[in-house]
Amino acid sequence: MSKPLPKKFFHQDAQILAKQLIGKVMRSKYHDMWLSAQIIETEAYYLADKSSHASLGFTEKRSALFMPAGTIYMYYSRAGDSLNISCKGKGNAVLVKSAVPYFDDNAQMIEMMRQLNPAKNGVRSINKLCAGQTLLCRALNLKVKEWDQQPFDPKRFFIEDVGYQPNTLIQTTRLGISEGRDEDLPYRFIDYDYVDSCTSNPLRKKKEVFWTLIPASDL
DNA sequence: CCAAAGATGCGCT
DNA sequence: GCGCATCTTTGGG
């Protein structure tokens, strides 16, 4: 079950890569168990855009953003780890925002994910187990200390093309960007068929939120 | 100190 | 289900 995305795959424009990553499956080995989740939501960030960490300048902490395409950039903020991947052009990257558990071989995987990412009250439903950039890192046991500035490793953590093609993507604005920091750029992408498992559903917002649909024929 | 590419509970619709 | 207040941890100023 192991056909990691080739390095070349990450050598694409951030928005293209963000769209291409939708539907791909992350696989992380925890002890002897593979934990797998299909990416359903991503965001693109560019060196020139004021919301990107890279735009704040090169530092040791942010150096992964300036390393070759396909380098993992992880950072810790607001009580959780987040996963990014560098892409074409120094300082450009894609943030993986949410996923859904993908179980093609292991029935115990969900229990392990629940253990790694417990809900404070009750049990986290399967479709919300990886519904957030820090939640998915928790459920897959991905840590800054272990993966920041590293390339993917087919033996421990990689992303795989399982042949899934989304029918439609939602394109909308990124979340958590403060005013004046290019908050209106439409660089967030969601698999329409899994919109109920994303961090926040733009289609059902009462407030005015920009979104548009991208059909499969345009991908 | 406090902002940060967040998450959660609670009250309301 | 939505919006807002509140809690969260860490590194840079």
# chains A, B, ... in the order shown; residues from 1 in each chain; ligands from 1

call {"tool": "closest_atom_pairs", "arguments": {"of": "chain C", "to": "chain A", "cutoff": "12 Å", "atoms": "only C-alpha atoms (C1' of nucleotides)", "output": "Markdown table"}}
result
| residue | atom | partner | partner_atom | distance |
| --- | --- | --- | --- | --- |
| C:DG1 | C1' | A:Arg204 | CA | 8.5 |
| C:DC2 | C1' | A:Lys205 | CA | 7.5 |
| C:DG3 | C1' | A:Lys206 | CA | 9.7 |
| C:DC7 | C1' | A:Ala79 | CA | 9.7 |
| C:DT8 | C1' | A:Ala79 | CA | 5.0 |
| C:DT9 | C1' | A:Ala79 | CA | 4.8 |
| C:DT10 | C1' | A:Ser77 | CA | 6.6 |
| C:DG11 | C1' | A:Tyr76 | CA | 9.4 |
| C:DG12 | C1' | A:Lys61 | CA | 11.1 |

call {"tool": "write_last_selection", "arguments": {"atoms": "N, CA and C atoms (P, O5', C5', C4', C3', O3' and C1' of nucleotides)", "output": "compact mmCIF listing (two decimals), in the first residue's frame"}}
result
# COMPACT_ATOMS: atom_id res chain seq x y z
P DG C 1 -25.73 19.91 12.53
O5' DG C 1 -25.78 21.46 12.28
C5' DG C 1 -25.92 22.01 11.01
C4' DG C 1 -26.16 23.49 11.20
C3' DG C 1 -24.85 24.29 11.26
O3' DG C 1 -25.08 25.51 10.56
C1' DG C 1 -26.07 24.71 13.21
P DC C 2 -23.96 26.40 10.04
O5' DC C 2 -23.99 27.64 11.05
C5' DC C 2 -24.84 28.74 10.74
C4' DC C 2 -24.79 29.74 11.88
C3' DC C 2 -23.44 30.44 12.05
O3' DC C 2 -23.64 31.82 11.88
C1' DC C 2 -24.27 29.64 14.14
P DG C 3 -22.41 32.81 11.75
O5' DG C 3 -22.32 33.34 13.24
C5' DG C 3 -23.36 34.14 13.78
C4' DG C 3 -23.02 34.58 15.18
C3' DG C 3 -21.64 35.23 15.29
O3' DG C 3 -21.75 36.37 16.13
C1' DG C 3 -21.78 33.37 16.76
P DC C 7 -11.95 31.38 30.90
O5' DC C 7 -10.96 30.29 30.27
C5' DC C 7 -11.37 28.93 30.22
C4' DC C 7 -10.52 28.19 29.21
C3' DC C 7 -9.02 28.24 29.52
O3' DC C 7 -8.53 26.93 29.78
C1' DC C 7 -9.48 28.65 27.21
P DT C 8 -7.03 26.76 30.30
O5' DT C 8 -6.23 26.48 28.94
C5' DT C 8 -6.59 25.39 28.10
C4' DT C 8 -5.84 25.50 26.79
C3' DT C 8 -4.33 25.67 26.95
O3' DT C 8 -3.71 24.43 26.65
C1' DT C 8 -5.25 27.10 25.23
P DT C 9 -2.60 23.88 27.75
O5' DT C 9 -1.16 24.24 27.13
C5' DT C 9 -1.12 24.63 25.97
C4' DT C 9 0.17 24.97 25.29
C3' DT C 9 1.43 25.27 26.04
O3' DT C 9 2.47 24.56 25.37
C1' DT C 9 0.74 27.18 24.76
P DT C 10 4.02 24.65 25.76
O5' DT C 10 4.62 25.69 24.70
C5' DT C 10 4.29 25.52 23.32
C4' DT C 10 4.81 26.69 22.52
C3' DT C 10 6.19 27.18 22.94
O3' DT C 10 7.04 27.18 21.81
C1' DT C 10 4.65 28.99 22.83
P DG C 11 8.62 27.35 21.99
O5' DG C 11 8.85 28.79 21.35
C5' DG C 11 8.57 28.94 19.96
C4' DG C 11 8.45 30.41 19.61
C3' DG C 11 9.75 31.20 19.80
O3' DG C 11 9.78 32.20 18.80
C1' DG C 11 8.09 32.14 21.14
P DG C 12 11.12 32.68 18.17
O5' DG C 12 10.87 34.25 18.02
C5' DG C 12 9.75 34.71 17.28
C4' DG C 12 9.30 36.05 17.83
C3' DG C 12 10.42 37.09 18.00
O3' DG C 12 9.94 38.33 17.52
C1' DG C 12 9.32 36.80 20.04

call {"tool": "residues_around", "arguments": {"residues": "region 107-110 of chain A", "least_positions_apart": "2", "cutoff": "8 Å", "atoms": "only C-alpha atoms (C1' of nucleotides)", "output": "list in words"}}
result
Met33, Trp34, Leu35, Pro101, Phe103, Asp105, Met112, Met113, Arg114 and Ile126 of chain A

call {"tool": "write_last_selection", "arguments": {"atoms": "N, CA and C atoms", "output": "CSV table (one decimal), in the first residue's frame"}}
result
chain,number,residue,atom,x,y,z
A,33,MET,N,1.0,0.7,13.9
A,33,MET,CA,-0.2,0.9,13.2
A,33,MET,C,-0.1,2.1,12.2
A,34,TRP,N,-0.6,2.0,11.0
A,34,TRP,CA,-0.7,3.1,10.1
A,34,TRP,C,-2.0,3.8,10.4
A,35,LEU,N,-1.9,5.2,10.6
A,35,LEU,CA,-3.0,6.0,10.8
A,35,LEU,C,-3.2,6.8,9.5
A,101,PRO,N,-10.8,10.4,8.4
A,101,PRO,CA,-10.2,9.1,8.6
A,101,PRO,C,-10.4,8.3,7.3
A,103,PHE,N,-9.9,4.5,6.1
A,103,PHE,CA,-9.6,3.2,6.6
A,103,PHE,C,-9.8,2.1,5.5
A,105,ASP,N,-7.7,-0.7,5.7
A,105,ASP,CA,-7.2,-2.0,6.1
A,105,ASP,C,-7.3,-2.2,7.6
A,112,MET,N,-7.5,4.3,17.9
A,112,MET,CA,-6.2,4.9,18.2
A,112,MET,C,-6.3,6.4,17.9
A,113,MET,N,-7.0,6.8,16.9
A,113,MET,CA,-7.1,8.2,16.6
A,113,MET,C,-7.9,8.9,17.7
A,114,ARG,N,-8.9,8.2,18.2
A,114,ARG,CA,-9.7,8.8,19.3
A,114,ARG,C,-8.8,9.0,20.6
A,126,ILE,N,-16.5,10.1,13.9
A,126,ILE,CA,-15.4,9.8,12.9
A,126,ILE,C,-15.2,11.0,11.9

call {"tool": "interface_residues", "arguments": {"of": "chain B", "to": "chain A", "cutoff": "12 Å", "atoms": "only C-alpha atoms (C1' of nucleotides)", "output": "count of residues only"}}
result
8

call {"tool": "select_by_dssp", "arguments": {"residues": "chain A", "states": "alpha helix (DSSP H)", "output": "ChimeraX atom specification"}}
result
/A:14-21,109-116,133-139,144-147

call {"tool": "write_last_selection", "arguments": {"atoms": "N, CA, C and O atoms", "output": "short mmCIF file (atom, residue, chain, number, x, y, z; two decimals), in the first residue's frame"}}
result
data_model
loop_
_atom_site.label_atom_id
_atom_site.label_comp_id
_atom_site.auth_asym_id
_atom_site.auth_seq_id
_atom_site.Cartn_x
_atom_site.Cartn_y
_atom_site.Cartn_z
N ALA A 14 1.49 27.16 -5.23
CA ALA A 14 0.80 26.86 -3.97
C ALA A 14 -0.70 26.60 -4.15
O ALA A 14 -1.24 25.66 -3.56
N GLN A 15 -1.37 27.43 -4.97
CA GLN A 15 -2.81 27.20 -5.14
C GLN A 15 -3.09 25.90 -5.90
O GLN A 15 -4.03 25.17 -5.59
N ILE A 16 -2.25 25.62 -6.90
CA ILE A 16 -2.41 24.37 -7.66
C ILE A 16 -2.20 23.19 -6.72
O ILE A 16 -3.01 22.26 -6.68
N LEU A 17 -1.13 23.26 -5.93
CA LEU A 17 -0.84 22.16 -5.02
C LEU A 17 -1.95 22.02 -3.98
O LEU A 17 -2.36 20.90 -3.66
N ALA A 18 -2.44 23.14 -3.49
CA ALA A 18 -3.52 23.10 -2.49
C ALA A 18 -4.71 22.33 -3.06
O ALA A 18 -5.33 21.52 -2.38
N LYS A 19 -5.04 22.57 -4.34
CA LYS A 19 -6.16 21.87 -4.96
C LYS A 19 -5.82 20.41 -5.23
O LYS A 19 -6.65 19.53 -5.03
N GLN A 20 -4.58 20.18 -5.68
CA GLN A 20 -4.17 18.80 -5.99
C GLN A 20 -4.11 17.91 -4.76
O GLN A 20 -4.25 16.69 -4.86
N LEU A 21 -3.89 18.51 -3.60
CA LEU A 21 -3.77 17.70 -2.38
C LEU A 21 -5.13 17.23 -1.86
O LEU A 21 -5.20 16.29 -1.07
N MET A 109 -7.91 1.50 13.81
CA MET A 109 -7.32 2.81 13.61
C MET A 109 -8.13 3.92 14.27
O MET A 109 -7.57 4.83 14.87
N ILE A 110 -9.44 3.86 14.14
CA ILE A 110 -10.29 4.90 14.70
C ILE A 110 -10.12 4.99 16.21
O ILE A 110 -10.04 6.09 16.76
N GLU A 111 -10.04 3.85 16.87
CA GLU A 111 -9.85 3.85 18.31
C GLU A 111 -8.54 4.54 18.68
O GLU A 111 -8.47 5.31 19.63
N MET A 112 -7.51 4.27 17.91
CA MET A 112 -6.20 4.89 18.17
C MET A 112 -6.28 6.39 17.95
O MET A 112 -5.78 7.18 18.75
N MET A 113 -6.96 6.81 16.88
CA MET A 113 -7.09 8.25 16.62
C MET A 113 -7.87 8.93 17.74
O MET A 113 -7.56 10.04 18.14
N ARG A 114 -8.88 8.25 18.24
CA ARG A 114 -9.67 8.83 19.33
C ARG A 114 -8.83 8.96 20.58
O ARG A 114 -8.98 9.91 21.35
N GLN A 115 -7.95 8.00 20.77
CA GLN A 115 -7.06 8.03 21.93
C GLN A 115 -6.08 9.19 21.81
O GLN A 115 -5.80 9.89 22.78
N LEU A 116 -5.56 9.40 20.60
CA LEU A 116 -4.58 10.46 20.37
C LEU A 116 -5.24 11.84 20.39
O LEU A 116 -4.59 12.83 20.71
N GLN A 133 -6.78 21.90 11.67
CA GLN A 133 -5.36 21.75 11.39
C GLN A 133 -4.56 21.21 12.56
O GLN A 133 -3.56 20.52 12.36
N THR A 134 -5.00 21.52 13.79
CA THR A 134 -4.29 20.95 14.94
C THR A 134 -4.90 19.60 15.34
O THR A 134 -4.20 18.74 15.84
N LEU A 135 -6.19 19.44 15.07
CA LEU A 135 -6.83 18.16 15.39
C LEU A 135 -6.27 17.03 14.54
O LEU A 135 -6.05 15.92 15.01
N LEU A 136 -6.04 17.31 13.25
CA LEU A 136 -5.52 16.24 12.39
C LEU A 136 -4.09 15.89 12.78
O LEU A 136 -3.70 14.73 12.71
N CYS A 137 -3.33 16.89 13.23
CA CYS A 137 -1.97 16.58 13.67
C CYS A 137 -2.00 15.70 14.92
O CYS A 137 -1.20 14.79 15.07
N ARG A 138 -2.95 15.99 15.79
CA ARG A 138 -3.08 15.17 16.99
C ARG A 138 -3.50 13.74 16.64
O ARG A 138 -2.90 12.77 17.11
N ALA A 139 -4.53 13.62 15.79
CA ALA A 139 -5.05 12.30 15.45
C ALA A 139 -4.02 11.45 14.72
O ALA A 139 -4.05 10.22 14.81
N VAL A 144 5.70 18.94 15.79
CA VAL A 144 6.70 19.89 15.30
C VAL A 144 8.10 19.33 15.49
O VAL A 144 8.92 19.31 14.58
N LYS A 145 8.36 18.88 16.70
CA LYS A 145 9.71 18.43 17.05
C LYS A 145 10.20 17.34 16.11
O LYS A 145 11.36 17.29 15.74
N GLU A 146 9.27 16.47 15.71
CA GLU A 146 9.68 15.34 14.90
C GLU A 146 9.74 15.64 13.41
O GLU A 146 10.58 15.10 12.69
N TRP A 147 8.84 16.52 12.91
CA TRP A 147 8.71 16.65 11.46
C TRP A 147 9.07 17.99 10.85
O TRP A 147 9.23 18.09 9.63
#

call {"tool": "select_by_dssp", "arguments": {"residues": "region 44-210 of chain A", "states": "strand (DSSP E)", "output": "PyMOL selection string"}}
result
chain A and resi 44-45+72-77+80-86+93-101+157-160+168-172+188-191

call {"tool": "atom_distance", "arguments": {"atom1": "CA of Glu179 (chain A)", "atom2": "CA of Asp196 (chain A)"}}
result
26.8 Å
